[in-house]
Amino acid sequence: MFLPRIATMRSLKVILFVSTVLATTQSSSSSADAFAPSPSFTQSARTIRRVSTPGSAPRRGIQPVHAVTEEDVIKFVEKAEKLWAEALAARKEANALSDRAEENAEAAAEVAKKANEEMLKGPISLEKIAAADAATNCNLDAGSVLSRALGAAEEADKLEELAEKALAESEKALGQHLKDFPDSDLA
């Protein structure tokens, strides 16, 4: 929640100076018209108001005033918890895929060993070629599962990194909240 920004004395002096300069350059001789803002000043004033609205980028030393509330801290903590849960689920999936890839690789090694023994026993036959083909397919399946396991592990690493950042943000928010509200229940 942003509180309204307070204009600095310098920006007020600039606005006063600009309005004075624009008022003296007007061609009207009427004293009432001399102090009326010109159309270009009105546009400048609109721009200044737009710059100082909440949510816009701070410019030239104007910083938004924002107290970190208990609700803000809770949102940060919940975000970190959600990311840690997602990272844990991704890590479990990566581990399960890795175990499955290991089992498939061991099974493929056995099938390949049997197919190799059969090939060495005598002339090449259709059954021996089928056994070699089955061994190749088992190796491909194991490689596919291993590739998926690596992808899941990378995704888990990314989620853990995001969760670490979210945890740091929640700790920072809690620290700021305790500065803003020293009597908070979160202390």
# chains A, B, ... in the order shown; residues from 1 in each chain; ligands from 1
call {"tool": "residues_around", "arguments": {"residues": "Asn104 of chain A", "least_positions_apart": "3", "cutoff": "8 Å", "atoms": "only C-alpha atoms", "output": "list in words"}}
result
Arg100, Ala101, Ala107, Ala108, Cys138, Asn139, Asp141 and Ala142 of chain A
call {"tool": "residues_around", "arguments": {"residues": "Ala112 of chain A", "least_positions_apart": "4", "cutoff": "10 Å", "atoms": "only C-alpha atoms", "output": "PDB file with N, CA and C atoms, in the first residue's frame"}}
result
ATOM      1  N   GLU A 106      20.259 -50.728 -15.903  1.00  0.00           N
ATOM      2  CA  GLU A 106      20.704 -52.059 -15.462  1.00  0.00           C
ATOM      3  C   GLU A 106      20.012 -53.156 -16.268  1.00  0.00           C
ATOM      4  N   ALA A 107      18.709 -53.005 -16.503  1.00  0.00           N
ATOM      5  CA  ALA A 107      17.968 -53.987 -17.296  1.00  0.00           C
ATOM      6  C   ALA A 107      18.483 -54.007 -18.736  1.00  0.00           C
ATOM      7  N   ALA A 108      18.787 -52.829 -19.291  1.00  0.00           N
ATOM      8  CA  ALA A 108      19.310 -52.753 -20.656  1.00  0.00           C
ATOM      9  C   ALA A 108      20.678 -53.409 -20.751  1.00  0.00           C
ATOM     10  N   ASN A 116      24.518 -60.112 -26.793  1.00  0.00           N
ATOM     11  CA  ASN A 116      25.910 -60.234 -27.242  1.00  0.00           C
ATOM     12  C   ASN A 116      26.375 -61.693 -27.165  1.00  0.00           C
ATOM     13  N   GLU A 117      26.018 -62.367 -26.090  1.00  0.00           N
ATOM     14  CA  GLU A 117      26.383 -63.785 -25.949  1.00  0.00           C
ATOM     15  C   GLU A 117      25.755 -64.616 -27.062  1.00  0.00           C
ATOM     16  N   GLU A 118      24.489 -64.324 -27.387  1.00  0.00           N
ATOM     17  CA  GLU A 118      23.793 -65.051 -28.447  1.00  0.00           C
ATOM     18  C   GLU A 118      24.452 -64.784 -29.798  1.00  0.00           C
ATOM     19  N   ALA A 131      16.926 -59.859 -30.697  1.00  0.00           N
ATOM     20  CA  ALA A 131      17.457 -59.677 -29.341  1.00  0.00           C
ATOM     21  C   ALA A 131      18.338 -58.430 -29.278  1.00  0.00           C
ATOM     22  N   ALA A 132      19.159 -58.212 -30.315  1.00  0.00           N
ATOM     23  CA  ALA A 132      20.014 -57.008 -30.358  1.00  0.00           C
ATOM     24  C   ALA A 132      19.158 -55.752 -30.458  1.00  0.00           C
ATOM     25  N   ASP A 133      18.082 -55.828 -31.233  1.00  0.00           N
ATOM     26  CA  ASP A 133      17.165 -54.697 -31.368  1.00  0.00           C
ATOM     27  C   ASP A 133      16.483 -54.392 -30.029  1.00  0.00           C
ATOM     28  N   ALA A 134      16.089 -55.428 -29.311  1.00  0.00           N
ATOM     29  CA  ALA A 134      15.466 -55.237 -27.986  1.00  0.00           C
ATOM     30  C   ALA A 134      16.446 -54.585 -27.021  1.00  0.00           C
ATOM     31  N   ALA A 135      17.727 -54.989 -27.080  1.00  0.00           N
ATOM     32  CA  ALA A 135      18.746 -54.386 -26.219  1.00  0.00           C
ATOM     33  C   ALA A 135      18.923 -52.909 -26.549  1.00  0.00           C
ATOM     34  N   THR A 136      18.917 -52.582 -27.844  1.00  0.00           N
ATOM     35  CA  THR A 136      19.048 -51.182 -28.267  1.00  0.00           C
ATOM     36  C   THR A 136      17.854 -50.363 -27.785  1.00  0.00           C
ATOM     37  N   ASN A 137      16.654 -50.912 -27.905  1.00  0.00           N
ATOM     38  CA  ASN A 137      15.453 -50.204 -27.438  1.00  0.00           C
ATOM     39  C   ASN A 137      15.489 -49.976 -25.930  1.00  0.00           C
ATOM     40  N   CYS A 138      15.987 -50.950 -25.181  1.00  0.00           N
ATOM     41  CA  CYS A 138      16.099 -50.782 -23.722  1.00  0.00           C
ATOM     42  C   CYS A 138      17.078 -49.655 -23.390  1.00  0.00           C
ATOM     43  N   ASN A 139      18.186 -49.580 -24.130  1.00  0.00           N
ATOM     44  CA  ASN A 139      19.152 -48.500 -23.913  1.00  0.00           C
ATOM     45  C   ASN A 139      18.553 -47.141 -24.251  1.00  0.00           C
TER      46      ASN A 139
END
call {"tool": "closest_atom_pairs", "arguments": {"of": "segment 69-121 of chain A", "to": "segment 179-184 of chain A", "cutoff": "12 Å", "atoms": "only C-alpha atoms", "output": "Markdown table"}}
result
| residue | atom | partner | partner_atom | distance |
| --- | --- | --- | --- | --- |
| A:Thr69 | CA | A:Phe181 | CA | 8.0 |
| A:Glu70 | CA | A:Ser184 | CA | 7.9 |
| A:Glu71 | CA | A:Ser184 | CA | 11.6 |
| A:Val73 | CA | A:Ser184 | CA | 11.5 |
call {"tool": "write_last_selection", "arguments": {"atoms": "N, CA, C and O atoms", "output": "PDB file, in the first residue's frame"}}
result
ATOM      1  N   THR A  69       3.332  -4.040   6.018  1.00  0.00           N
ATOM      2  CA  THR A  69       2.344  -4.492   6.988  1.00  0.00           C
ATOM      3  C   THR A  69       2.522  -5.979   7.278  1.00  0.00           C
ATOM      4  O   THR A  69       3.260  -6.679   6.594  1.00  0.00           O
ATOM      5  N   GLU A  70       1.793  -6.434   8.272  1.00  0.00           N
ATOM      6  CA  GLU A  70       1.812  -7.854   8.626  1.00  0.00           C
ATOM      7  C   GLU A  70       1.304  -8.707   7.466  1.00  0.00           C
ATOM      8  O   GLU A  70       1.846  -9.782   7.190  1.00  0.00           O
ATOM      9  N   GLU A  71       0.287  -8.196   6.750  1.00  0.00           N
ATOM     10  CA  GLU A  71      -0.245  -8.918   5.591  1.00  0.00           C
ATOM     11  C   GLU A  71       0.817  -9.059   4.498  1.00  0.00           C
ATOM     12  O   GLU A  71       0.906 -10.098   3.841  1.00  0.00           O
ATOM     13  N   VAL A  73       4.070  -9.201   4.924  1.00  0.00           N
ATOM     14  CA  VAL A  73       5.037 -10.199   5.380  1.00  0.00           C
ATOM     15  C   VAL A  73       4.465 -11.600   5.179  1.00  0.00           C
ATOM     16  O   VAL A  73       5.157 -12.500   4.693  1.00  0.00           O
TER      17      VAL A  73
END
call {"tool": "closest_residue", "arguments": {"among": "A:Met119, A:Leu174, A:Ala94, A:Ala85", "to": "Ser147 of chain A", "atoms": "only C-alpha atoms"}}
result
A:Ala94
call {"tool": "closest_residue", "arguments": {"among": "A:Glu86, A:Ser144, A:Val68, A:Phe76", "to": "Leu159 of chain A", "atoms": "only C-alpha atoms"}}
result
A:Glu86
